[in-house]
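These notes are about the structure you will find just below.
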Amino acid sequence: MKKLPAELADLLQMAYSAEKAAAFAYQGHAAAVNDLSDKKAIKQIEDDEWYHRKEVLELMNLYGVEISAWYEIKYHVIGKVISASCYVIGWFMPMYFAGRLESGNVNEYFRMIDLFHSAGIVQHDTLLTELGIKEKEHEVFFLAKIRTHKWLPLFEKVFSWGANKSLNTVKSTEVEAVDL
Ligand SMILES: [Fe+2]
Ligand SMILES: [Fe+2]
């Protein structure tokens with residue numbers, strides 16, 4: 001069994017646990033929105049995150065990377081806190097921070113491709129590209145929800161993500177029209 005570079009093993013462990021945080025967060029998020037089609041779309045995104053977690057675990061198993069107990073606890077708490085907060089802070093902030101988080105997640109999967117390449121492993125490119133593009137679809141979905149909100153320009157300035165700023169370089173035209 002080939003041993004992965006430490007940075008890559010850590011990134012896989014973190015992604016595995018962070019996918020759980022995201023899935024938990026979307027449970028609260030879906031429950032807190034009123035619009036039925038938004039509820040359905042966010043439930044679909046939650047399902048995507050569980051699928052990502054499963055795929056990441058399979059990769060970890062291939063290389064003997066163990067689940068990190070610390071990340072599992074940390075992201076469990078983070079996910080549950082975000083989930084609960086969705087009920088109390090209105091709809092804009094959960095939508096905004098979900099989009100911003102997804103924007104960064106896109107990079108993580110592309111970073112994994114680079115790190116696998118540096119270890120001479122190219123056979124996971126298709127899967128990791130698929131996961132990264134799916135995160136981009138999630139980003140595009142959340143951005144569409146808040147694009148015209150009056151708070152967006154301010155949040156974009158402070159948190160560096162919004163209608164004109166992304167945390168990744170994947171163009172939204174590179175993902176299919178999102179029909180969640
Ligand atoms: Fe994900
Ligand atoms: Fe996502």
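Letters A, B, ... go to the chains of the structure tokens in the order shown; residues in each chain start at 1; ligands are counted from 1 in the same order.
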
Let me see if you get this right: every residue at most 9 Å from ligand 1, counting only C-alpha atoms and all ligand atoms, written as a ChimeraX atom specification. /A:15-16,18-20,22-23,45-46,48-53,102,105-106,131-132,134-135,138

Put those residues in a file: N, CA and C atoms, as an mmCIF file, in the first residue's frame.
data_model
loop_
_atom_site.group_PDB
_atom_site.id
_atom_site.type_symbol
_atom_site.label_atom_id
_atom_site.label_comp_id
_atom_site.auth_asym_id
_atom_site.auth_seq_id
_atom_site.Cartn_x
_atom_site.Cartn_y
_atom_site.Cartn_z
ATOM 1 N N ALA A 15 -11.341 16.645 4.992
ATOM 2 C CA ALA A 15 -12.474 16.691 4.061
ATOM 3 C C ALA A 15 -13.543 15.688 4.496
ATOM 4 N N TYR A 16 -13.098 14.494 4.901
ATOM 5 C CA TYR A 16 -14.042 13.466 5.331
ATOM 6 C C TYR A 16 -14.927 13.988 6.470
ATOM 7 N N ALA A 18 -15.245 17.230 7.459
ATOM 8 C CA ALA A 18 -15.922 18.487 7.115
ATOM 9 C C ALA A 18 -17.171 18.224 6.273
ATOM 10 N N GLU A 19 -17.175 17.151 5.513
ATOM 11 C CA GLU A 19 -18.384 16.814 4.745
ATOM 12 C C GLU A 19 -19.543 16.507 5.698
ATOM 13 N N LYS A 20 -19.208 15.903 6.828
ATOM 14 C CA LYS A 20 -20.245 15.627 7.821
ATOM 15 C C LYS A 20 -20.766 16.943 8.408
ATOM 16 N N ALA A 22 -20.843 19.780 6.981
ATOM 17 C CA ALA A 22 -21.677 20.417 5.957
ATOM 18 C C ALA A 22 -23.054 19.760 5.918
ATOM 19 N N ALA A 23 -23.079 18.432 5.946
ATOM 20 C CA ALA A 23 -24.364 17.722 5.878
ATOM 21 C C ALA A 23 -25.246 18.087 7.077
ATOM 22 N N ILE A 45 -28.456 18.943 -1.634
ATOM 23 C CA ILE A 45 -27.057 19.294 -1.351
ATOM 24 C C ILE A 45 -26.557 18.491 -0.150
ATOM 25 N N GLU A 46 -27.417 18.334 0.861
ATOM 26 C CA GLU A 46 -27.025 17.494 2.008
ATOM 27 C C GLU A 46 -26.672 16.080 1.527
ATOM 28 N N ASP A 48 -25.657 15.183 -1.364
ATOM 29 C CA ASP A 48 -24.371 15.246 -2.084
ATOM 30 C C ASP A 48 -23.208 15.163 -1.105
ATOM 31 N N GLU A 49 -23.348 15.861 0.034
ATOM 32 C CA GLU A 49 -22.234 15.888 0.999
ATOM 33 C C GLU A 49 -22.015 14.498 1.622
ATOM 34 N N TRP A 50 -23.099 13.784 1.900
ATOM 35 C CA TRP A 50 -22.938 12.416 2.440
ATOM 36 C C TRP A 50 -22.250 11.535 1.403
ATOM 37 N N TYR A 51 -22.609 11.740 0.145
ATOM 38 C CA TYR A 51 -21.976 10.961 -0.926
ATOM 39 C C TYR A 51 -20.479 11.298 -1.004
ATOM 40 N N HIS A 52 -20.141 12.590 -0.886
ATOM 41 C CA HIS A 52 -18.728 12.982 -0.904
ATOM 42 C C HIS A 52 -17.963 12.296 0.229
ATOM 43 N N ARG A 53 -18.612 12.294 1.392
ATOM 44 C CA ARG A 53 -17.954 11.694 2.562
ATOM 45 C C ARG A 53 -17.645 10.214 2.292
ATOM 46 N N GLU A 102 -18.586 26.597 0.468
ATOM 47 C CA GLU A 102 -18.535 25.753 -0.734
ATOM 48 C C GLU A 102 -17.471 26.268 -1.688
ATOM 49 N N ASN A 105 -14.300 24.912 -0.636
ATOM 50 C CA ASN A 105 -14.235 23.461 -0.782
ATOM 51 C C ASN A 105 -13.844 23.043 -2.194
ATOM 52 N N VAL A 106 -14.236 23.859 -3.163
ATOM 53 C CA VAL A 106 -13.877 23.551 -4.554
ATOM 54 C C VAL A 106 -12.362 23.376 -4.638
ATOM 55 N N LEU A 131 -16.087 15.763 -7.689
ATOM 56 C CA LEU A 131 -16.442 16.285 -6.362
ATOM 57 C C LEU A 131 -16.247 17.799 -6.311
ATOM 58 N N GLY A 132 -15.145 18.280 -6.880
ATOM 59 C CA GLY A 132 -14.870 19.721 -6.879
ATOM 60 C C GLY A 132 -15.924 20.488 -7.666
ATOM 61 N N LYS A 134 -18.956 19.577 -8.219
ATOM 62 C CA LYS A 134 -20.227 19.537 -7.472
ATOM 63 C C LYS A 134 -20.249 20.637 -6.409
ATOM 64 N N GLU A 135 -19.103 20.857 -5.738
ATOM 65 C CA GLU A 135 -19.041 21.940 -4.755
ATOM 66 C C GLU A 135 -19.247 23.289 -5.445
ATOM 67 N N HIS A 138 -22.811 23.836 -5.837
ATOM 68 C CA HIS A 138 -23.404 24.279 -4.565
ATOM 69 C C HIS A 138 -23.157 25.773 -4.360
#

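Excluding Leu167 (chain A) itself and any same-chain residue fewer than 6 positions from it, the protein and nucleic acid residues within 12 Å of it, counting only C-alpha atoms, are Gly99, Arg100, Leu101, Glu102, Ser103, Gly104, Asn105, Val106, Asn107, Glu108, Glu135, Lys136, Glu139, Glu156, Phe159, Ser160 and Trp161 of chain A.
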
Margin query: Which residues are near Glu174 (chain A)? Cut-off 9 Å, only C-alpha atoms, ignore same chain within fewer than 3 positions. Put them as a VMD selection string.
Written below: chain A and resid 133 170 to 171

Keeping only N, CA and C atoms, write the selected residues as a JSON list (two decimals), in the first residue's frame.
[["chain", "number", "residue", "atom", "x", "y", "z"],
["A", 133, "ILE", "N", -16.31, 19.96, -8.80],
["A", 133, "ILE", "CA", -17.31, 20.64, -9.64],
["A", 133, "ILE", "C", -18.67, 20.65, -8.93],
["A", 170, "VAL", "N", -12.70, 28.30, -10.68],
["A", 170, "VAL", "CA", -13.61, 27.58, -11.58],
["A", 170, "VAL", "C", -14.72, 28.55, -11.97],
["A", 171, "LYS", "N", -14.96, 28.66, -13.26],
["A", 171, "LYS", "CA", -16.01, 29.59, -13.72],
["A", 171, "LYS", "C", -17.38, 28.96, -13.56]]

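The coordinates place CA of Glu130 (chain A) at 21.3 Å from CA of Val65 (chain A).
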
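Across A:Arg147, A:Met60, A:Ala98, A:Ala69, the tightest approach to ligand 2 is made by A:Ala98 when counting only C-alpha atoms and all ligand atoms.
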